[in-house]
Amino acid sequence: MKRNAKIKSRLTLSRAAWLSGAVLAAILVLAGAPAAAQVDPGYFPVAGKWTRGAADSVAWVDLATWKLVTRFEEQPSVASTDPQPQPWIPVAGDWDGSGVDTVQMFNVQDWRLIPLEKGPVVDTASDPEPNPWVPVAGDWEGRGVDTVVVFDLRDSSIHRLEEGPIKVEGYDPEPNPWRPLAGDWDGKGRDTIATYHDDEKAPDTAGLWTAVAGDWQGRGTDTIALLHRPTGTLVLPEETTATAARPRSRTAARGAAGDPAPFFGKALQLPGGCYQKVTDYASVVKVFHYGVGGCMVLVIESWYEWTCCPIDVNGTTYSCGKALKLKTHSYGYSNC
C-alpha cells in the first residue's frame, strides 16, 4: 500500500520539557475490533478549558446525542473510549483563538471534522478492520489557534488532515502499544506530542484509566493525569524525581508506592463493633515517552475501602459504605 508522505518535522517533546505545558485536548482511542452494536455508546472523556480564564478540566461527550456534559450530579454510569461501531471520535481544541475550547467530531473513515452542535450525524462504520487513526488537537505553531493532526497507531507517524483520508485495507504493520497525548509541556505556547503505553507488567486490563493532560491549576503549564472512568476521579501524579538512568527493573519503583494487597479482603476491627476491609485492589503502570531517550513512569494503585457498622444491638445487621482510595507515584528517567 502506498503511504502518503509523513510530516517531516515530527512533533516531539524536548527532554527538559517533559512534564509542563498546556494541553488542549488529549484524546485517547483504544484501537480494536468493532464492538457489538449498543443502544447507548456511552460517554467519551475529553479535557479542555470550557470557560474563559478557567483551568482545564475533564468533560464528557455523550456519543448518542453529541452533547458536551461538563458536570454530573452523579458520575456517568457508562464511560467509553471506543465509540465504534459509529466512526465519530470527539476532539477538543480552541479553534478560533478565543481562549475557550469546544469539541469537533472526527470521522476516522473520511477525516471529516464536524462541530459537535451540528450532530448527531448518523454514519455507520463499514470497515471491518480496526482503524489506526487518532485525531490530536494542538497549537503546533504557537499562534493561539488549534488544528488537528492524525496519529497512526501502527507506526506513530503524524499526518495533516489534507493528506487523507488514507485508505487502510488492514493493519500492516500491527498496531504498536503507544498512544498520543498533546500539550505545551514547557509553557512556551507551542504544543507537541508525547506518547504513552501500559507497562506489560501491570496493564490496565479492565480499561479503568484514561490518560489526559491539561493545565489543571491554570498556571499556563500542563501535566499528565489519569482519569478513573468509573468514578470520574482525576488523579494527578506526585512530583517526579529525575534520575540519571533507568533502573534495571521497575519492580522497586512500584514497591515504593505502597501495597495494600496483603490486606485484601481482610477485616480491620474498629471501635463500636465496626470493621473495615479492602476490596478490588489494582495496580497500573503507565510509561510516557517525552523526548529522545527520556520517559516518565506513572504508578497508580486503587482499591475500595469498605466500612461497616452494626445497626442493631445484637450486631447481626450492618450498614456499609465504600470509598475509592488511590495512590500515585511518578518516576522520571533520562535514559529509557
# chains A, B, ... in the order shown; residues from 1 in each chain; ligands from 1
call {"tool": "residues_around", "arguments": {"residues": "A:Leu236", "least_positions_apart": "5", "cutoff": "10 Å", "atoms": "only C-alpha atoms", "output": "list in words"}}
result
Val212, Ala213, Trp216, Thr223, Ile224, Ala225, Leu226, Leu227, Leu298, Ile300, Lys327, Thr328, His329 and Ser330 of chain A
call {"tool": "atom_distance", "arguments": {"atom1": "atom CA of A:Val299", "atom2": "atom CA of A:Leu234"}}
result
14.1 Å
